[in-house]
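Below is the file upload_25.csv, which contains CSV, C-alpha atoms.
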chain,number,residue,atom,x,y,z
A,1,MET,CA,0.0,0.0,0.0
A,2,ASN,CA,2.4,2.6,-1.2
A,3,ALA,CA,-0.2,5.2,-1.4
A,4,PHE,CA,-0.8,5.2,2.3
A,5,THR,CA,2.9,5.5,3.3
A,6,HIS,CA,3.5,8.7,1.4
A,7,TRP,CA,3.0,10.8,4.5
A,8,GLU,CA,3.8,14.1,2.7
A,9,LYS,CA,0.7,13.8,0.5
A,10,GLY,CA,-1.5,14.4,3.5
A,11,PRO,CA,-4.8,12.7,4.4
A,12,LEU,CA,-6.8,14.2,1.5
A,13,ALA,CA,-4.5,12.6,-1.0
A,14,ASP,CA,-5.0,9.2,0.5
A,15,VAL,CA,-8.7,9.7,0.2
A,16,LEU,CA,-8.2,10.7,-3.5
A,17,ASP,CA,-6.2,7.6,-4.1
A,18,TRP,CA,-8.9,5.5,-2.5
A,19,LEU,CA,-11.6,7.2,-4.5
A,20,ASP,CA,-9.8,6.8,-7.7
A,21,TRP,CA,-9.7,3.1,-7.4
A,22,PRO,CA,-11.9,1.5,-4.8
A,23,MET,CA,-11.6,-1.9,-6.5
A,24,THR,CA,-7.9,-2.1,-5.8
A,25,ALA,CA,-8.3,-5.8,-4.9
A,26,LEU,CA,-9.4,-6.5,-8.4
A,27,HIS,CA,-6.4,-4.9,-9.9
A,28,PRO,CA,-4.7,-7.3,-12.4
A,29,ILE,CA,-1.2,-6.1,-11.6
A,30,ALA,CA,-1.0,-5.7,-7.8
A,31,GLY,CA,1.2,-3.1,-6.2
A,32,HIS,CA,1.1,-0.7,-9.2
A,33,HIS,CA,-0.8,2.5,-9.6
A,34,PHE,CA,-4.0,2.4,-11.6
A,35,MET,CA,-4.6,4.4,-14.8
A,36,ARG,CA,-8.0,5.5,-16.1
A,37,ALA,CA,-8.9,4.3,-19.5
A,38,GLU,CA,-11.6,4.5,-22.2
A,39,ASP,CA,-12.1,2.6,-25.4
A,40,CYS,CA,-14.2,2.8,-28.6
A,41,VAL,CA,-14.1,2.0,-32.3
A,42,GLU,CA,-13.3,4.9,-34.6
A,43,ASP,CA,-13.0,4.6,-38.4
A,44,GLY,CA,-13.0,0.8,-38.2
A,45,ARG,CA,-10.2,0.7,-35.7
A,46,TYR,CA,-10.2,-0.2,-32.0
A,47,VAL,CA,-9.0,2.8,-30.0
A,48,LEU,CA,-8.0,2.6,-26.3
A,49,ARG,CA,-6.9,5.6,-24.4
A,50,ALA,CA,-5.2,5.7,-21.0
A,51,GLU,CA,-4.5,8.7,-18.8
A,52,LEU,CA,-0.8,8.9,-18.1
A,53,PRO,CA,0.0,12.5,-17.2
A,54,GLY,CA,3.6,13.6,-16.5
A,55,VAL,CA,5.5,10.8,-18.0
A,56,ASP,CA,8.3,10.9,-20.6
A,57,PRO,CA,6.8,9.1,-23.6
A,58,GLU,CA,10.2,8.3,-25.1
A,59,LYS,CA,11.7,6.6,-22.0
A,60,ASP,CA,9.0,5.7,-19.6
A,61,ILE,CA,6.1,4.1,-21.4
A,62,ASP,CA,6.2,0.4,-22.4
A,63,VAL,CA,3.3,-1.1,-24.4
A,64,THR,CA,3.2,-4.8,-25.2
A,65,ALA,CA,0.6,-7.0,-26.9
A,66,ALA,CA,0.4,-10.8,-26.8
A,67,ASN,CA,-2.3,-13.4,-27.0
A,68,GLY,CA,-5.1,-10.8,-27.0
A,69,VAL,CA,-3.8,-8.9,-24.0
A,70,LEU,CA,-2.5,-5.4,-24.2
A,71,THR,CA,-0.3,-4.3,-21.3
A,72,ILE,CA,0.6,-0.7,-20.6
A,73,LYS,CA,3.4,0.1,-18.1
A,74,ALA,CA,4.7,3.5,-17.3
A,75,GLU,CA,7.1,5.0,-14.8
A,76,ARG,CA,6.6,8.4,-13.4
A,77,HIS,CA,9.7,9.9,-11.8
A,78,ARG,CA,9.6,12.4,-8.9
A,79,ASP,CA,11.6,15.4,-9.9
A,80,THR,CA,10.7,17.7,-7.1
A,81,PRO,CA,13.1,18.7,-4.3
A,82,GLY,CA,12.7,17.6,-0.7
A,83,ARG,CA,9.5,17.4,1.2
A,84,HIS,CA,6.5,19.2,-0.2
A,85,HIS,CA,2.8,18.8,-0.6
A,86,SER,CA,1.9,16.5,-3.5
A,87,GLU,CA,-1.3,14.6,-4.4
A,88,PHE,CA,0.5,13.2,-7.5
A,89,ARG,CA,1.3,9.5,-7.6
A,90,TYR,CA,4.8,8.5,-8.6
A,91,GLY,CA,6.2,5.1,-9.4
A,92,THR,CA,5.0,2.4,-11.7
A,93,PHE,CA,1.6,2.5,-13.4
A,94,ALA,CA,0.5,-0.7,-15.0
A,95,ARG,CA,-2.7,-2.2,-16.4
A,96,SER,CA,-3.7,-4.9,-18.8
A,97,PHE,CA,-6.6,-4.9,-21.2
A,98,ALA,CA,-8.4,-7.6,-23.2
A,99,LEU,CA,-8.2,-6.7,-26.9
A,100,PRO,CA,-11.2,-7.4,-29.1
A,101,PRO,CA,-10.9,-10.8,-30.7
A,102,ASP,CA,-10.7,-9.3,-34.2
A,103,ALA,CA,-7.9,-6.9,-33.3
A,104,ASP,CA,-4.8,-7.3,-35.4
A,105,GLU,CA,-1.9,-7.5,-32.9
A,106,ASP,CA,0.7,-7.0,-35.6
A,107,HIS,CA,-0.7,-3.5,-36.5
A,108,ILE,CA,-0.9,-1.7,-33.2
A,109,ARG,CA,0.2,1.9,-32.9
A,110,ALA,CA,0.7,4.0,-29.8
A,111,ILE,CA,0.8,7.8,-29.7
A,112,TYR,CA,1.2,10.1,-26.6
A,113,GLY,CA,0.1,13.6,-26.3
A,114,HIS,CA,-1.3,15.9,-23.5
A,115,GLY,CA,-0.9,13.2,-21.0
A,116,ILE,CA,-3.0,10.7,-22.9
A,117,LEU,CA,-1.6,7.5,-24.4
A,118,GLU,CA,-3.7,6.4,-27.4
A,119,ILE,CA,-3.4,2.8,-28.7
A,120,THR,CA,-4.9,2.0,-32.1
A,121,ALA,CA,-5.4,-1.5,-33.4
A,122,ASP,CA,-6.6,-2.5,-36.8
A,123,LEU,CA,-9.6,-4.8,-36.9
A,124,LYS,CA,-9.4,-7.8,-39.1
A,125,GLN,CA,-12.2,-7.9,-41.6
A,126,ASP,CA,-12.5,-11.6,-41.9
A,127,ALA,CA,-12.8,-12.1,-38.2
A,128,ALA,CA,-15.5,-9.5,-38.0
A,129,GLU,CA,-17.5,-11.3,-40.7
A,130,ARG,CA,-17.1,-14.7,-39.1
A,131,GLU,CA,-20.4,-15.9,-37.9
A,132,SER,CA,-20.9,-17.3,-34.4
A,133,ARG,CA,-20.9,-21.1,-34.3
A,134,HIS,CA,-23.5,-23.0,-32.4
A,135,ILE,CA,-22.2,-25.6,-30.0
A,136,PRO,CA,-24.6,-28.5,-29.5
A,137,VAL,CA,-25.3,-29.5,-25.9
A,138,MET,CA,-24.8,-33.2,-25.3
A,139,VAL,CA,-26.9,-35.0,-22.7
A,140,ASN,CA,-24.9,-37.1,-20.2
A,141,GLN,CA,-27.0,-40.1,-19.3
A,142,HIS,CA,-24.7,-41.3,-16.6
A,143,ILE,CA,-24.4,-38.3,-14.2
A,144,LYS,CA,-27.5,-37.8,-12.1
A,145,PRO,CA,-28.3,-34.3,-11.0
A,146,THR,CA,-27.5,-33.7,-7.3
B,1,MET,CA,-21.2,-7.8,-22.5
B,2,SER,CA,-19.0,-7.6,-25.6
B,3,ALA,CA,-15.5,-8.9,-25.3
B,4,GLN,CA,-14.3,-5.4,-26.3
B,5,THR,CA,-15.3,-3.8,-23.1
B,6,LEU,CA,-12.6,-3.0,-20.6
B,7,PRO,CA,-12.1,-5.3,-17.6
B,8,GLY,CA,-12.7,-2.3,-15.3
B,9,GLN,CA,-16.1,-1.7,-16.6
B,10,GLY,CA,-19.2,-2.0,-14.4
B,11,PRO,CA,-19.8,-0.9,-10.8
B,12,GLY,CA,-16.2,0.1,-10.2
B,13,SER,CA,-16.2,3.1,-12.5
B,14,ASP,CA,-19.6,4.2,-11.5
B,15,LEU,CA,-18.6,4.0,-7.9
B,16,SER,CA,-15.5,6.0,-8.5
B,17,ASP,CA,-17.5,8.6,-10.4
B,18,TRP,CA,-20.0,8.8,-7.6
B,19,ALA,CA,-17.3,8.8,-4.9
B,20,GLY,CA,-15.4,11.6,-6.7
B,21,SER,CA,-18.3,14.0,-6.8
B,22,PRO,CA,-18.9,14.8,-3.2
B,23,LEU,CA,-15.3,15.8,-2.9
B,24,SER,CA,-15.7,18.5,-5.4
B,25,THR,CA,-17.5,20.6,-2.8
B,26,LEU,CA,-14.3,20.8,-0.9
B,27,HIS,CA,-12.5,22.3,-3.9
B,28,GLY,CA,-14.8,24.5,-6.0
B,29,PRO,CA,-17.6,26.9,-5.4
B,30,THR,CA,-20.1,24.8,-7.3
B,31,ALA,CA,-20.9,21.1,-7.0
B,32,VAL,CA,-20.4,20.4,-10.7
B,33,THR,CA,-16.7,21.1,-10.9
B,34,GLN,CA,-14.3,18.3,-10.3
B,35,PRO,CA,-11.1,18.4,-8.2
B,36,ILE,CA,-7.7,18.5,-9.7
B,37,ARG,CA,-4.7,16.8,-8.2
B,38,THR,CA,-2.0,19.3,-7.3
B,39,GLU,CA,1.5,19.5,-6.0
B,40,GLU,CA,3.4,22.6,-4.9
B,41,PHE,CA,7.0,23.3,-3.9
B,42,PRO,CA,9.6,26.0,-4.0
B,43,ARG,CA,12.3,25.9,-6.7
B,44,ASP,CA,15.1,28.3,-7.7
B,45,GLY,CA,13.5,31.1,-5.7
B,46,ARG,CA,10.1,30.7,-7.3
B,47,TYR,CA,7.0,29.0,-6.1
B,48,MET,CA,5.8,26.1,-8.3
B,49,VAL,CA,2.4,24.7,-8.5
B,50,ARG,CA,1.5,21.7,-10.7
B,51,PHE,CA,-2.0,20.5,-11.7
B,52,GLU,CA,-2.7,17.1,-13.2
B,53,LEU,CA,-4.9,17.8,-16.2
B,54,PRO,CA,-4.6,15.1,-18.9
B,55,GLY,CA,-6.4,15.5,-22.2
B,56,ILE,CA,-7.0,19.2,-22.0
B,57,ASP,CA,-6.7,21.5,-25.1
B,58,PRO,CA,-4.4,24.2,-23.6
B,59,GLU,CA,-5.5,26.8,-26.1
B,60,HIS,CA,-9.2,26.6,-25.6
B,61,GLY,CA,-9.8,24.5,-22.5
B,62,LEU,CA,-7.6,26.1,-19.9
B,63,ASP,CA,-7.9,29.3,-17.9
B,64,VAL,CA,-5.4,30.4,-15.3
B,65,SER,CA,-5.9,33.5,-13.2
B,66,ILE,CA,-4.4,35.1,-10.1
B,67,GLU,CA,-6.0,37.6,-7.8
B,68,ALA,CA,-4.1,38.7,-4.8
B,69,GLN,CA,-2.7,35.4,-3.4
B,70,VAL,CA,-5.3,33.1,-4.9
B,71,LEU,CA,-4.4,31.2,-8.0
B,72,THR,CA,-7.4,29.8,-9.9
B,73,VAL,CA,-7.3,27.2,-12.6
B,74,HIS,CA,-10.4,26.4,-14.7
B,75,ALA,CA,-10.2,23.6,-17.2
B,76,GLU,CA,-12.8,22.2,-19.6
B,77,ARG,CA,-12.4,18.7,-21.0
B,78,ALA,CA,-14.9,18.1,-23.8
B,79,ALA,CA,-16.2,14.6,-24.4
B,80,SER,CA,-15.2,13.8,-28.0
B,81,ALA,CA,-15.8,10.3,-29.4
B,82,ALA,CA,-19.4,9.2,-30.0
B,83,GLY,CA,-20.1,5.5,-29.6
B,84,ARG,CA,-17.6,5.0,-26.8
B,85,TYR,CA,-17.8,1.5,-25.3
B,86,HIS,CA,-16.8,2.6,-21.9
B,87,THR,CA,-14.9,5.4,-20.2
B,88,GLU,CA,-13.4,6.0,-16.9
B,89,PHE,CA,-12.2,9.4,-17.9
B,90,ARG,CA,-13.7,12.5,-16.3
B,91,TYR,CA,-15.1,15.1,-18.7
B,92,GLY,CA,-16.6,18.5,-17.9
B,93,THR,CA,-15.3,21.3,-15.7
B,94,PHE,CA,-12.3,21.1,-13.4
B,95,CYS,CA,-11.5,23.8,-11.0
B,96,SER,CA,-8.9,24.5,-8.3
B,97,HIS,CA,-8.4,27.5,-6.1
B,98,MET,CA,-5.1,27.7,-4.3
B,99,THR,CA,-3.8,30.3,-1.8
B,100,LEU,CA,-0.2,31.0,-2.5
B,101,PRO,CA,2.4,31.9,0.2
B,102,ALA,CA,2.8,35.6,1.3
B,103,GLY,CA,5.3,37.6,-0.7
B,104,ILE,CA,4.5,36.3,-4.1
B,105,ASP,CA,4.6,38.7,-7.1
B,106,ASP,CA,1.2,38.3,-8.9
B,107,SER,CA,2.6,40.1,-11.9
B,108,ASP,CA,5.3,37.5,-12.4
B,109,VAL,CA,3.4,34.3,-13.2
B,110,ARG,CA,4.3,31.9,-16.0
B,111,ALA,CA,2.2,28.8,-16.9
B,112,THR,CA,3.2,25.9,-19.2
B,113,TYR,CA,1.2,22.8,-20.2
B,114,GLU,CA,3.2,19.7,-21.1
B,115,ASN,CA,2.3,16.0,-21.1
B,116,GLY,CA,-0.9,16.7,-19.3
B,117,ILE,CA,0.6,18.7,-16.5
B,118,LEU,CA,-0.1,22.4,-16.0
B,119,GLU,CA,2.9,24.0,-14.3
B,120,VAL,CA,2.5,27.5,-12.8
B,121,SER,CA,5.6,29.3,-11.7
B,122,VAL,CA,5.2,32.4,-9.5
B,123,GLY,CA,8.0,34.8,-8.5
B,124,PHE,CA,8.5,36.5,-5.2
B,125,ALA,CA,8.2,40.3,-5.0
B,126,GLY,CA,11.9,41.2,-4.4
B,127,THR,CA,13.9,40.1,-1.5
B,128,HIS,CA,12.8,41.6,1.7
B,129,PRO,CA,15.6,41.9,4.2
B,130,ALA,CA,14.8,41.1,7.7
B,131,ARG,CA,13.2,44.1,9.3
B,132,LYS,CA,13.9,45.0,12.9
B,133,ILE,CA,10.9,45.4,15.1
B,134,ASN,CA,11.4,47.4,18.2
B,135,VAL,CA,9.9,45.9,21.3
B,136,ALA,CA,8.1,48.4,23.4
B,137,ILE,CA,8.3,47.7,27.0
B,138,ALA,CA,4.9,47.9,28.6
B,139,GLY,CA,4.7,50.1,31.8
B,140,ASP,CA,8.1,51.7,31.1
B,141,ALA,CA,6.8,54.8,29.3
B,142,GLY,CA,7.5,57.1,32.2
B,143,SER,CA,11.2,56.4,32.5
B,144,GLU,CA,12.1,58.7,29.6
B,145,GLY,CA,9.8,61.5,30.4
Before we go any further, please render this structure as structure tokens.
Amino acid sequence: MNAFTHWEKGPLADVLDWLDWPMTALHPIAGHHFMRAEDCVEDGRYVLRAELPGVDPEKDIDVTAANGVLTIKAERHRDTPGRHHSEFRYGTFARSFALPPDADEDHIRAIYGHGILEITADLKQDAAERESRHIPVMVNQHIKPT
Amino acid sequence: MSAQTLPGQGPGSDLSDWAGSPLSTLHGPTAVTQPIRTEEFPRDGRYMVRFELPGIDPEHGLDVSIEAQVLTVHAERAASAAGRYHTEFRYGTFCSHMTLPAGIDDSDVRATYENGILEVSVGFAGTHPARKINVAIAGDAGSEG
């Protein structure tokens, strides 16, 4: 619980941390700061945006995609001298997202501006047109309902 | 639920939206404004205040003003994309009022917006040398007269 040991942030900052992510227990990558995100489809592409203010996009952002999971990691370095009042969160930010099944992992772009990281993935046409397949339900005669 | 929705969707984001709103009464004059995370520190003889404002258009959505010692930041974040699956972002009006330390020069204020952080740098009005204050001794007024 790093957020609660940063005494210089003051009690209000702790409340802000808590309010930002009350579901910390559900966080997929424990011990890291959470980032807010939104997603949509724009011009036939899947677009995911994450809030990462105050990071250096050239050095401190790492985006990976594998097996339908997109992971964003970022480091935010404290550059302020000594003790002071801060409600900012420093350290590692990380979050993983499930990509849509038709997203093309080989054609993912990431662009950073104004504190927002925008990930764009092409959507494969053939996958989008694929129809859902019905799976027949077999009846098991040997197992009796409990 | 489509597979394209974010894992964080659902009650979590609603709860955080709801939980964030009562706090705004502590920060702004109206209930509709949302709080801004800040940090402040002195550096190189200036007073620095930073505001976390990702996704703001600095030319149209940002207003910084100073009156006496109170620094006010107003930011507007316009919701853009239609057909969004899901958002945890906060859109709308953000506001922060901050009382700066005594001795600042409100005519020497610089503001820059970079990587989603608004940084306001305020100078101090000259260097005031320590001023000697004479201590009057109560009940001793008659000794000189």
- Query: Near Val64 of chain B, counting all atoms listed in the file, which residues have an atom at most 7 Å away, once you skip same-chain residues fewer than 2 positions from it, shown as a list in words?
  - Reply: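 With the cut-off at 7 Å, the set is Leu62, Thr72, Val73 and His74 of chain B.
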- Item | Non-local contacts of segment 111-119 of chain A (7 Å; only C-alpha atoms; under 3 positions in same chain excluded) as a list in words | Val47, Leu48, Arg49, Ala50, Glu51, Leu52, Pro53, Gly54, Pro57 and Ile108 of chain A; Pro54, Gly55, Ile56, Glu114, Asn115 and Gly116 of chain B
- Item | Shortest interatomic distance to Asp108 of chain B - which of B:Asn134, B:Thr33, B:Gln69, B:Ser121, counting all atoms listed in the file | B:Ser121
Using all atoms listed in the file, find each residue of chain A with at least one atom at most 8 Å away from an atom of chain B; report its shortest atom-to-atom pair and that distance in Å (one decimal), sort the rows by chain and rising residue number, and return the result as CSV.
residue,atom,partner,partner_atom,distance
A:Leu16,CA,B:Gly20,CA,7.9
A:Leu19,CA,B:Ser16,CA,5.7
A:Asp20,CA,B:Ser16,CA,5.8
A:Trp21,CA,B:Ser16,CA,6.6
A:Pro22,CA,B:Ser16,CA,6.8
A:Met23,CA,B:Gly12,CA,6.2
A:Arg36,CA,B:Glu88,CA,5.5
A:Ala37,CA,B:Glu88,CA,5.5
A:Glu38,CA,B:Thr87,CA,4.0
A:Asp39,CA,B:Tyr85,CA,5.8
A:Cys40,CA,B:Arg84,CA,4.4
A:Val41,CA,B:Arg84,CA,7.2
A:Glu42,CA,B:Ala81,CA,7.9
A:Glu51,CA,B:Pro54,CA,6.4
A:Leu52,CA,B:Pro54,CA,7.3
A:Pro53,CA,B:Gly116,CA,4.8
A:Gly54,CA,B:Asn115,CA,5.3
A:Val55,CA,B:Asn115,CA,6.8
A:Asp56,CA,B:Asn115,CA,7.9
A:Thr80,CA,B:Phe41,CA,7.4
A:Pro81,CA,B:Arg43,CA,7.6
A:His84,CA,B:Phe41,CA,5.5
A:His85,CA,B:Glu39,CA,5.6
A:Ser86,CA,B:Glu39,CA,3.9
A:Glu87,CA,B:Arg37,CA,5.6
A:Phe88,CA,B:Arg37,CA,6.4
A:Phe97,CA,B:Leu6,CA,6.3
A:Ala98,CA,B:Leu6,CA,6.7
A:Leu99,CA,B:Gln4,CA,6.3
A:Pro100,CA,B:Gln4,CA,4.6
A:Pro101,CA,B:Ala3,CA,7.3
A:Gly113,CA,B:Asn115,CA,6.1
A:His114,CA,B:Gly116,CA,4.3
A:Gly115,CA,B:Gly116,CA,3.9
A:Ile116,CA,B:Gly55,CA,5.9
- Message: Would you compute the distance between atom CA of Ser107 of chain B and atom CA of Asp63 of chain B? Give it in Å to one decimal.
- Response: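 One can read the atom CA of Ser107 of chain B to atom CA of Asp63 of chain B distance as 16.2 Å.
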- Message: Given the point (-13.2, 23.1, -19.2) in the file's coordinates, find the residues that have an atom at most 6 Å from it, counting only C-alpha atoms, and give them as number ranges by chain.
- Response: B: 61, 75-77, 92-93
- What does the distance between atom CA of Glu131 of chain A and atom CA of Ala103 of chain A come to in Å, to one decimal place? 16.1 Å
- Atomic separation - atom CA of Asp60 of chain A relative to atom CA of Tyr47 of chain B, Å: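 Straight-line distance from atom CA of Tyr47 of chain B to atom CA of Asp60 of chain A works out to 27.0 Å.
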- Identify which of the residues B:Ala78, B:Thr112, B:Glu119, B:Ala68 lies closest to Thr99 of chain B, counting only C-alpha atoms when measuring atom-to-atom distances.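 Comparing B:Ala78, B:Thr112, B:Glu119, B:Ala68 against Thr99 of chain B, the winner is B:Ala68.
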